[in-house]
file run.cif (mmCIF, C-alpha atoms)
data_start
loop_
_atom_site.label_atom_id
_atom_site.label_comp_id
_atom_site.auth_asym_id
_atom_site.auth_seq_id
_atom_site.Cartn_x
_atom_site.Cartn_y
_atom_site.Cartn_z
CA MET A 621 -5.99 19.22 -9.52
CA GLU A 622 -2.36 19.71 -8.54
CA ASN A 623 -1.66 16.20 -7.26
CA TYR A 624 -3.38 12.84 -6.99
CA ILE A 625 -2.99 9.59 -5.08
CA ILE A 626 -3.62 6.01 -6.18
CA THR A 627 -4.01 3.55 -3.31
CA VAL A 628 -3.56 -0.13 -4.11
CA ALA A 629 -4.71 -2.98 -1.86
CA ARG A 630 -3.87 -6.46 -3.13
CA GLY A 631 -3.99 -10.14 -2.34
CA PHE A 632 -0.60 -11.80 -1.89
CA GLY A 633 0.67 -13.18 -5.18
CA THR A 634 -1.64 -11.16 -7.41
CA GLY A 635 1.16 -8.98 -8.77
CA GLY A 636 -0.29 -5.88 -7.13
CA LYS A 637 3.11 -4.52 -6.15
CA GLN A 638 4.53 -5.00 -9.65
CA ILE A 639 1.45 -3.37 -11.17
CA SER A 640 1.85 -0.44 -8.77
CA LEU A 641 5.53 -0.01 -9.62
CA LYS A 642 4.91 -0.14 -13.38
CA LEU A 643 1.97 2.24 -13.09
CA ALA A 644 4.00 4.75 -11.10
CA GLU A 645 6.84 4.56 -13.63
CA LYS A 646 4.42 5.11 -16.50
CA LEU A 647 2.87 8.12 -14.76
CA GLY A 648 6.26 9.53 -13.74
CA ILE A 649 5.48 9.46 -10.02
CA GLN A 650 6.75 7.58 -6.95
CA CYS A 651 5.44 4.28 -5.59
CA TYR A 652 5.57 3.89 -1.81
CA GLU A 653 5.16 0.63 0.08
CA ASN A 654 7.76 -0.69 2.55
CA ARG A 655 9.39 2.73 2.86
CA ILE A 656 6.38 4.14 4.73
CA PRO A 657 6.44 1.69 7.68
CA TYR A 658 10.24 1.88 7.72
CA LEU A 659 10.18 5.66 8.21
CA ALA A 660 7.24 5.40 10.62
CA SER A 661 9.19 2.88 12.69
CA LYS A 662 12.10 5.29 12.94
CA LEU A 663 9.81 8.15 13.96
CA SER A 664 7.87 6.11 16.51
CA GLY A 665 11.05 5.49 18.45
CA ILE A 666 11.69 9.20 18.89
CA ASP A 667 10.74 11.01 22.09
CA GLU A 668 7.50 13.02 21.72
CA THR A 669 9.22 16.39 22.21
CA GLU A 670 11.97 15.57 19.72
CA PHE A 671 9.41 14.21 17.26
CA MET A 672 7.71 17.62 17.01
CA LEU A 673 10.97 19.09 15.70
CA VAL A 674 11.59 16.16 13.32
CA ASP A 675 8.01 16.32 12.04
CA GLU A 676 8.31 20.04 11.25
CA LYS A 677 11.61 19.42 9.46
CA LEU A 678 10.02 16.65 7.36
CA LYS A 679 7.06 18.87 6.44
CA SER A 680 9.31 21.75 5.40
CA SER A 681 11.70 19.60 3.36
CA GLY A 682 9.02 17.27 1.97
CA ILE A 683 8.13 13.86 3.33
CA GLY A 684 8.55 12.35 -0.14
CA ARG A 685 12.18 13.43 -0.32
CA LYS A 686 12.95 11.52 2.88
CA LEU A 687 11.10 8.44 1.65
CA LYS A 688 12.99 8.46 -1.64
CA GLU A 689 16.24 8.11 0.30
CA LEU A 690 15.09 4.78 1.76
CA PRO A 691 15.56 1.40 0.02
CA MET A 692 12.62 -0.04 -1.92
CA GLN A 693 11.59 -3.66 -1.41
CA ILE A 694 10.95 -5.35 -4.76
CA LEU A 695 10.57 -9.04 -3.91
CA PRO A 696 7.40 -10.42 -2.26
CA HIS A 697 7.34 -9.95 1.50
CA PRO A 698 5.13 -12.59 3.13
CA GLN A 699 3.77 -12.21 6.65
CA THR A 700 4.29 -15.45 8.54
CA GLU A 701 3.64 -14.08 12.04
CA ARG A 702 0.25 -13.42 13.58
CA PHE A 703 -0.99 -9.85 13.49
CA LYS A 704 -0.22 -7.73 16.56
CA SER A 705 -1.49 -4.18 16.78
CA GLU A 706 0.97 -1.31 17.04
CA ASP A 707 -1.19 1.78 17.34
CA ARG A 708 1.64 4.27 17.69
CA LEU A 709 3.38 2.95 14.60
CA PHE A 710 0.14 3.04 12.61
CA ASP A 711 -0.50 6.64 13.67
CA TYR A 712 2.87 7.67 12.25
CA GLN A 713 2.19 5.76 9.03
CA ALA A 714 -1.18 7.46 8.68
CA GLU A 715 0.37 10.88 9.18
CA ILE A 716 3.01 10.15 6.52
CA ILE A 717 0.27 9.06 4.11
CA ARG A 718 -1.80 12.18 4.78
CA GLN A 719 1.25 14.40 4.21
CA LEU A 720 1.98 12.63 0.92
CA SER A 721 -1.60 13.19 -0.27
CA GLU A 722 -1.15 16.92 0.27
CA THR A 723 2.28 17.33 -1.27
CA GLU A 724 2.78 15.04 -4.28
CA SER A 725 1.23 12.60 -6.72
CA CYS A 726 2.12 8.99 -5.93
CA VAL A 727 1.00 5.37 -5.66
CA ILE A 728 0.65 3.98 -2.14
CA VAL A 729 0.52 0.21 -1.69
CA GLY A 730 -1.35 -1.21 1.30
CA LYS A 731 -1.16 0.38 4.79
CA CYS A 732 -4.95 1.04 4.87
CA ALA A 733 -4.24 4.05 2.65
CA ASP A 734 -7.68 3.82 1.01
CA TYR A 735 -9.29 4.13 4.46
CA ILE A 736 -6.97 6.86 5.72
CA LEU A 737 -7.65 8.95 2.60
CA LYS A 738 -11.30 7.95 2.07
CA ASP A 739 -12.55 11.55 2.34
CA ARG A 740 -10.01 13.03 -0.07
CA LYS A 741 -11.23 13.96 -3.53
CA ASN A 742 -7.80 13.49 -5.14
CA VAL A 743 -7.67 9.73 -4.47
CA ILE A 744 -8.36 6.68 -6.64
CA SER A 745 -8.56 3.45 -4.60
CA VAL A 746 -7.91 0.08 -6.24
CA TYR A 747 -8.14 -3.50 -5.01
CA ILE A 748 -6.34 -6.23 -7.00
CA GLU A 749 -7.20 -9.90 -6.62
CA ALA A 750 -6.73 -13.12 -8.60
CA PRO A 751 -7.62 -16.83 -8.38
CA ARG A 752 -5.52 -18.88 -5.95
CA ASP A 753 -3.87 -21.02 -8.66
CA TYR A 754 -2.59 -17.89 -10.40
CA CYS A 755 -1.19 -16.50 -7.14
CA VAL A 756 0.43 -19.82 -6.23
CA GLN A 757 2.25 -20.04 -9.56
CA ARG A 758 3.54 -16.47 -9.21
CA ILE A 759 4.78 -17.02 -5.66
CA MET A 760 6.48 -20.30 -6.59
CA LYS A 761 8.32 -18.55 -9.41
CA ARG A 762 9.25 -15.35 -7.58
CA MET A 763 10.17 -16.92 -4.23
CA HIS A 764 11.62 -20.19 -5.58
CA CYS A 765 9.45 -22.33 -3.32
CA GLY A 766 7.19 -25.36 -3.68
CA GLU A 767 3.43 -25.41 -4.13
CA PHE A 768 2.66 -26.32 -0.51
CA GLN A 769 4.78 -23.47 0.84
CA ALA A 770 3.26 -21.02 -1.65
CA HIS A 771 -0.26 -21.91 -0.48
CA ALA A 772 0.81 -21.44 3.15
CA LEU A 773 2.45 -18.08 2.50
CA ILE A 774 -0.60 -16.78 0.66
CA SER A 775 -2.99 -17.91 3.41
CA GLN A 776 -0.82 -16.48 6.21
CA THR A 777 -0.15 -13.17 4.47
CA ASP A 778 -3.74 -12.58 3.39
CA GLN A 779 -4.97 -13.41 6.89
CA TYR A 780 -2.48 -10.94 8.35
CA ARG A 781 -3.58 -8.22 5.93
CA ALA A 782 -7.26 -8.88 6.65
CA GLU A 783 -6.73 -8.66 10.43
CA TYR A 784 -4.55 -5.55 10.03
CA TYR A 785 -7.19 -3.81 7.93
CA LYS A 786 -10.07 -4.86 10.19
CA TYR A 787 -8.31 -3.60 13.33
CA TYR A 788 -7.23 -0.21 11.99
CA THR A 789 -10.48 0.50 10.12
CA HIS A 790 -12.58 -0.41 13.16
CA GLY A 791 -14.18 -3.57 11.80
CA ASN A 792 -14.20 -2.96 8.06
CA SER A 793 -13.41 -5.81 5.66
CA TRP A 794 -10.26 -5.62 3.53
CA THR A 795 -11.89 -7.40 0.56
CA ARG A 796 -15.17 -5.45 0.63
CA PRO A 797 -15.68 -4.05 -2.90
CA GLU A 798 -17.48 -0.94 -1.62
CA ASN A 799 -14.19 0.26 -0.10
CA TYR A 800 -12.68 0.83 -3.51
CA ASP A 801 -13.25 2.69 -6.77
CA MET A 802 -12.03 -0.32 -8.75
CA VAL A 803 -11.68 -4.07 -8.16
CA LEU A 804 -9.44 -5.76 -10.75
CA ASN A 805 -8.66 -9.40 -11.54
CA SER A 806 -4.98 -9.45 -12.50
CA ALA A 807 -5.17 -13.01 -13.86
CA ARG A 808 -7.78 -11.98 -16.43
CA LEU A 809 -6.51 -8.50 -17.24
CA GLY A 810 -2.74 -9.01 -16.89
CA GLU A 811 -0.44 -6.33 -15.51
CA ASP A 812 -0.75 -4.05 -18.54
CA GLY A 813 -4.53 -4.45 -18.60
CA CYS A 814 -4.78 -3.45 -14.94
CA ILE A 815 -2.59 -0.42 -15.57
CA HIS A 816 -4.73 0.59 -18.56
CA MET A 817 -7.92 0.33 -16.49
CA ILE A 818 -6.48 2.42 -13.65
CA GLN A 819 -5.28 5.08 -16.09
CA ALA A 820 -8.74 5.17 -17.67
CA CYS A 821 -10.26 5.71 -14.23
CA LEU A 822 -7.74 8.45 -13.49
CA LYS A 823 -8.70 10.25 -16.66
CA GLU A 824 -12.44 9.87 -16.07
CA ARG A 825 -12.43 10.75 -12.35
CA LEU A 826 -9.59 13.23 -11.99
CA GLY A 827 -8.75 14.32 -15.53
CA VAL A 828 -5.25 12.84 -15.36
CA GLU A 829 -3.84 11.91 -18.76
#
call {"tool": "encode", "arguments": {"input": "run.cif", "output": "structure tokens"}}
result
Amino acid sequence: MENYIITVARGFGTGGKQISLKLAEKLGIQCYENRIPYLASKLSGIDETEFMLVDEKLKSSGIGRKLKELPMQILPHPQTERFKSEDRLFDYQAEIIRQLSETESCVIVGKCADYILKDRKNVISVYIEAPRDYCVQRIMKRMHCGEFQAHALISQTDQYRAEYYKYYTHGNSWTRPENYDMVLNSARLGEDGCIHMIQACLKERLGVE
């Protein structure tokens, strides 16, 4: 298999983004998260006729190359607003994700990537969760906030992600274990343990060392 994709869905505060970044570094591949909606947002504002030309240029030069030029968001990014659907923006994100799956190996965090790529044989889908107390402590430390605010941010962000996933997957549940190849508890396994488990799955399923 020439390339492979690891999709990572995660509860807020579980360390899923950090696990994804460390995993990608260990595998020598890219990790994409905020850069996908950023590029999709730029593309969705382009006139349809002009977009056809831009899309062809991206395909010929490599969508990954364009994404690599964009800034990566490292710190937690909570969602404090209510979910509002943006179908056009999601369509562009989905197309970017499909192009990535055909052109390079990478880790994709969130964005319903597991659903978008559910029929691809070169994909490993992972869901990372952890007990609330663990998530609260991580958010307090990383965002320098109090316990009450951490609880609120986790509840708001997880609700947003659940509604986002349900809308764009036509009623599916974000936390449904059957959606994924692996469901990991980051509090029990730790970041390195999660990475080890994903690598073991990669080797077993796709022959990736």
call {"tool": "atom_distance", "arguments": {"input": "run.cif", "atom1": "atom CA of Gln779 of chain A", "atom2": "atom CA of Cys755 of chain A"}}
result
14.9 Å
call {"tool": "residues_around", "arguments": {"input": "run.cif", "residues": "Glu653 of chain A", "least_positions_apart": "3", "cutoff": "9 Å", "atoms": "only C-alpha atoms", "output": "PyMOL selection string"}}
result
chain A and resi 637+656-657+692-693+727-731
call {"tool": "write_last_selection", "arguments": {"input": "run.cif", "atoms": "C-alpha atoms", "output": "PDB file, in the frame of the given file"}}
result
ATOM      1  CA  LYS A 637       3.110  -4.520  -6.150  1.00  0.00           C
ATOM      2  CA  ILE A 656       6.380   4.140   4.730  1.00  0.00           C
ATOM      3  CA  PRO A 657       6.440   1.690   7.680  1.00  0.00           C
ATOM      4  CA  MET A 692      12.620  -0.040  -1.920  1.00  0.00           C
ATOM      5  CA  GLN A 693      11.590  -3.660  -1.410  1.00  0.00           C
ATOM      6  CA  VAL A 727       1.000   5.370  -5.660  1.00  0.00           C
ATOM      7  CA  ILE A 728       0.650   3.980  -2.140  1.00  0.00           C
ATOM      8  CA  VAL A 729       0.520   0.210  -1.690  1.00  0.00           C
ATOM      9  CA  GLY A 730      -1.350  -1.210   1.300  1.00  0.00           C
ATOM     10  CA  LYS A 731      -1.160   0.380   4.790  1.00  0.00           C
TER      11      LYS A 731
END
call {"tool": "residues_around", "arguments": {"input": "run.cif", "residues": "Ser775 of chain A", "least_positions_apart": "3", "cutoff": "10 Å", "atoms": "all atoms listed in the file", "output": "list in words"}}
result
Gly631, Phe632, Pro698, Gln699, Thr700, Arg752, Gln769, Ala770, His771, Ala772, Asp778, Gln779 and Tyr780 of chain A
call {"tool": "resolve_selection", "arguments": {"input": "run.cif", "expression": "the PyMOL selection byres ((chain A and resi 712) around 8)", "output": "list in words"}}
result
Ala660, Ser661, Leu663, Ser664, Arg708, Leu709, Phe710, Asp711, Gln713, Ala714, Glu715 and Ile716 of chain A
call {"tool": "write_last_selection", "arguments": {"input": "run.cif", "atoms": "C-alpha atoms", "output": "PDB file, keeping the file's coordinate frame"}}
result
ATOM      1  CA  ALA A 660       7.240   5.400  10.620  1.00  0.00           C
ATOM      2  CA  SER A 661       9.190   2.880  12.690  1.00  0.00           C
ATOM      3  CA  LEU A 663       9.810   8.150  13.960  1.00  0.00           C
ATOM      4  CA  SER A 664       7.870   6.110  16.510  1.00  0.00           C
ATOM      5  CA  ARG A 708       1.640   4.270  17.690  1.00  0.00           C
ATOM      6  CA  LEU A 709       3.380   2.950  14.600  1.00  0.00           C
ATOM      7  CA  PHE A 710       0.140   3.040  12.610  1.00  0.00           C
ATOM      8  CA  ASP A 711      -0.500   6.640  13.670  1.00  0.00           C
ATOM      9  CA  GLN A 713       2.190   5.760   9.030  1.00  0.00           C
ATOM     10  CA  ALA A 714      -1.180   7.460   8.680  1.00  0.00           C
ATOM     11  CA  GLU A 715       0.370  10.880   9.180  1.00  0.00           C
ATOM     12  CA  ILE A 716       3.010  10.150   6.520  1.00  0.00           C
TER      13      ILE A 716
END
call {"tool": "closest_residue", "arguments": {"input": "run.cif", "among": "A:Glu824, A:Glu701, A:Glu749, A:Glu724", "to": "Glu783 of chain A", "atoms": "all atoms listed in the file"}}
result
A:Glu701
call {"tool": "closest_residue", "arguments": {"input": "run.cif", "among": "A:Leu720, A:Tyr735, A:Gly827, A:Gln757", "to": "Gly791 of chain A", "atoms": "only C-alpha atoms"}}
result
A:Tyr735
call {"tool": "residues_around", "arguments": {"input": "run.cif", "residues": "Thr795 of chain A", "least_positions_apart": "3", "cutoff": "10 Å", "atoms": "only C-alpha atoms", "output": "PyMOL selection string"}}
result
chain A and resi 629-631+747-749+781-782+785+792+798-800+803
call {"tool": "write_last_selection", "arguments": {"input": "run.cif", "atoms": "C-alpha atoms", "output": "compact mmCIF listing (two decimals), keeping the file's coordinate frame"}}
result
# COMPACT_ATOMS: atom_id res chain seq x y z
CA ALA A 629 -4.71 -2.98 -1.86
CA ARG A 630 -3.87 -6.46 -3.13
CA GLY A 631 -3.99 -10.14 -2.34
CA TYR A 747 -8.14 -3.50 -5.01
CA ILE A 748 -6.34 -6.23 -7.00
CA GLU A 749 -7.20 -9.90 -6.62
CA ARG A 781 -3.58 -8.22 5.93
CA ALA A 782 -7.26 -8.88 6.65
CA TYR A 785 -7.19 -3.81 7.93
CA ASN A 792 -14.20 -2.96 8.06
CA GLU A 798 -17.48 -0.94 -1.62
CA ASN A 799 -14.19 0.26 -0.10
CA TYR A 800 -12.68 0.83 -3.51
CA VAL A 803 -11.68 -4.07 -8.16
call {"tool": "residues_near_point", "arguments": {"input": "run.cif", "point": "(-8.2, 1.4, -15.9)", "cutoff": "12 Å", "atoms": "all atoms listed in the file", "output": "PyMOL selection string"}}
result
chain A and resi 626+639+643+744-748+801-806+809-825+828-829
call {"tool": "closest_residue", "arguments": {"input": "run.cif", "among": "A:Asn742, A:Gly635, A:Glu622, A:Lys786", "to": "Arg758 of chain A", "atoms": "only C-alpha atoms"}}
result
A:Gly635
call {"tool": "atom_distance", "arguments": {"input": "run.cif", "atom1": "atom CA of Lys642 of chain A", "atom2": "atom CA of Ile625 of chain A"}}
result
15.0 Å
call {"tool": "closest_residue", "arguments": {"input": "run.cif", "among": "A:Asp753, A:Asp739, A:Asp734, A:Glu645", "to": "Thr789 of chain A", "atoms": "only C-alpha atoms"}}
result
A:Asp734
call {"tool": "atom_distance", "arguments": {"input": "run.cif", "atom1": "atom CA of Ser705 of chain A", "atom2": "atom CA of Gly636 of chain A"}}
result
24.0 Å
call {"tool": "closest_residue", "arguments": {"input": "run.cif", "among": "A:His790, A:Val743, A:Ala750, A:Leu641", "to": "Ser725 of chain A", "atoms": "all atoms listed in the file"}}
result
A:Val743
call {"tool": "decode", "arguments": {"input": "run.cif", "residues": "segment 625-663 of chain A", "atoms": "N, CA and C atoms", "output": "short mmCIF file (atom, residue, chain, number, x, y, z; two decimals), in the first residue's frame"}}
result
data_model
loop_
_atom_site.label_atom_id
_atom_site.label_comp_id
_atom_site.auth_asym_id
_atom_site.auth_seq_id
_atom_site.Cartn_x
_atom_site.Cartn_y
_atom_site.Cartn_z
N ILE A 625 -3.95 6.53 5.79
CA ILE A 625 -4.52 7.65 6.54
C ILE A 625 -4.94 7.15 7.92
N ILE A 626 -4.64 7.94 8.94
CA ILE A 626 -5.15 7.69 10.29
C ILE A 626 -6.08 8.84 10.64
N THR A 627 -7.35 8.53 10.87
CA THR A 627 -8.28 9.58 11.30
C THR A 627 -8.43 9.49 12.82
N VAL A 628 -8.46 10.64 13.46
CA VAL A 628 -8.54 10.69 14.92
C VAL A 628 -9.70 11.60 15.34
N ALA A 629 -10.71 11.01 15.97
CA ALA A 629 -11.77 11.77 16.62
C ALA A 629 -11.45 11.76 18.11
N ARG A 630 -11.80 12.84 18.82
CA ARG A 630 -11.39 12.89 20.23
C ARG A 630 -12.30 13.81 21.03
N GLY A 631 -12.48 13.45 22.29
CA GLY A 631 -13.17 14.33 23.22
C GLY A 631 -12.25 15.48 23.58
N PHE A 632 -12.83 16.62 23.91
CA PHE A 632 -12.03 17.80 24.25
C PHE A 632 -11.32 17.58 25.59
N GLY A 633 -10.01 17.78 25.59
CA GLY A 633 -9.23 17.60 26.80
C GLY A 633 -8.60 16.23 26.96
N THR A 634 -8.84 15.35 26.01
CA THR A 634 -8.30 13.98 26.11
C THR A 634 -6.84 13.90 25.69
N GLY A 635 -6.33 14.94 25.04
CA GLY A 635 -4.97 14.89 24.51
C GLY A 635 -4.91 14.30 23.12
N GLY A 636 -6.07 14.18 22.47
CA GLY A 636 -6.11 13.58 21.14
C GLY A 636 -5.27 14.30 20.11
N LYS A 637 -5.24 15.64 20.18
CA LYS A 637 -4.44 16.39 19.22
C LYS A 637 -2.95 16.16 19.46
N GLN A 638 -2.53 16.16 20.74
CA GLN A 638 -1.12 15.93 21.04
C GLN A 638 -0.69 14.52 20.63
N ILE A 639 -1.58 13.55 20.87
CA ILE A 639 -1.29 12.17 20.46
C ILE A 639 -1.14 12.10 18.94
N SER A 640 -2.02 12.79 18.23
CA SER A 640 -1.96 12.79 16.77
C SER A 640 -0.67 13.41 16.26
N LEU A 641 -0.27 14.53 16.87
CA LEU A 641 0.96 15.20 16.45
C LEU A 641 2.19 14.33 16.70
N LYS A 642 2.25 13.71 17.89
CA LYS A 642 3.38 12.85 18.22
C LYS A 642 3.42 11.61 17.35
N LEU A 643 2.24 11.06 17.06
CA LEU A 643 2.16 9.88 16.19
C LEU A 643 2.66 10.21 14.79
N ALA A 644 2.20 11.34 14.26
CA ALA A 644 2.62 11.75 12.92
C ALA A 644 4.14 11.96 12.86
N GLU A 645 4.68 12.59 13.90
CA GLU A 645 6.13 12.82 13.94
C GLU A 645 6.89 11.49 13.98
N LYS A 646 6.37 10.56 14.75
CA LYS A 646 7.03 9.26 14.87
C LYS A 646 6.99 8.49 13.55
N LEU A 647 5.89 8.66 12.81
CA LEU A 647 5.74 7.95 11.54
C LEU A 647 6.38 8.71 10.38
N GLY A 648 6.78 9.96 10.62
CA GLY A 648 7.39 10.77 9.56
C GLY A 648 6.38 11.26 8.54
N ILE A 649 5.16 11.54 8.99
CA ILE A 649 4.12 12.03 8.10
C ILE A 649 3.51 13.31 8.68
N GLN A 650 2.62 13.94 7.93
CA GLN A 650 1.98 15.18 8.38
C GLN A 650 0.74 14.91 9.22
N CYS A 651 0.43 15.86 10.11
CA CYS A 651 -0.81 15.83 10.88
C CYS A 651 -1.61 17.06 10.48
N TYR A 652 -2.85 16.85 10.04
CA TYR A 652 -3.69 17.96 9.60
C TYR A 652 -4.91 18.09 10.50
N GLU A 653 -5.15 19.32 10.96
CA GLU A 653 -6.35 19.59 11.76
C GLU A 653 -6.93 20.94 11.35
N ASN A 654 -6.50 22.03 11.99
CA ASN A 654 -7.08 23.34 11.68
C ASN A 654 -6.76 23.82 10.28
N ARG A 655 -5.69 23.27 9.67
CA ARG A 655 -5.31 23.75 8.34
C ARG A 655 -6.32 23.34 7.27
N ILE A 656 -7.05 22.25 7.49
CA ILE A 656 -8.05 21.82 6.51
C ILE A 656 -9.22 22.80 6.44
N PRO A 657 -9.88 23.14 7.57
CA PRO A 657 -10.97 24.12 7.45
C PRO A 657 -10.49 25.51 7.04
N TYR A 658 -9.26 25.85 7.37
CA TYR A 658 -8.73 27.15 6.96
C TYR A 658 -8.64 27.23 5.45
N LEU A 659 -8.08 26.19 4.82
CA LEU A 659 -7.98 26.18 3.36
C LEU A 659 -9.36 26.08 2.73
N ALA A 660 -10.23 25.25 3.32
CA ALA A 660 -11.59 25.10 2.80
C ALA A 660 -12.34 26.42 2.84
N SER A 661 -12.12 27.19 3.89
CA SER A 661 -12.77 28.49 4.02
C SER A 661 -12.33 29.43 2.91
N LYS A 662 -11.03 29.39 2.60
CA LYS A 662 -10.52 30.22 1.52
C LYS A 662 -11.13 29.81 0.19
N LEU A 663 -11.22 28.51 -0.05
CA LEU A 663 -11.75 28.00 -1.31
C LEU A 663 -13.24 28.27 -1.46
#
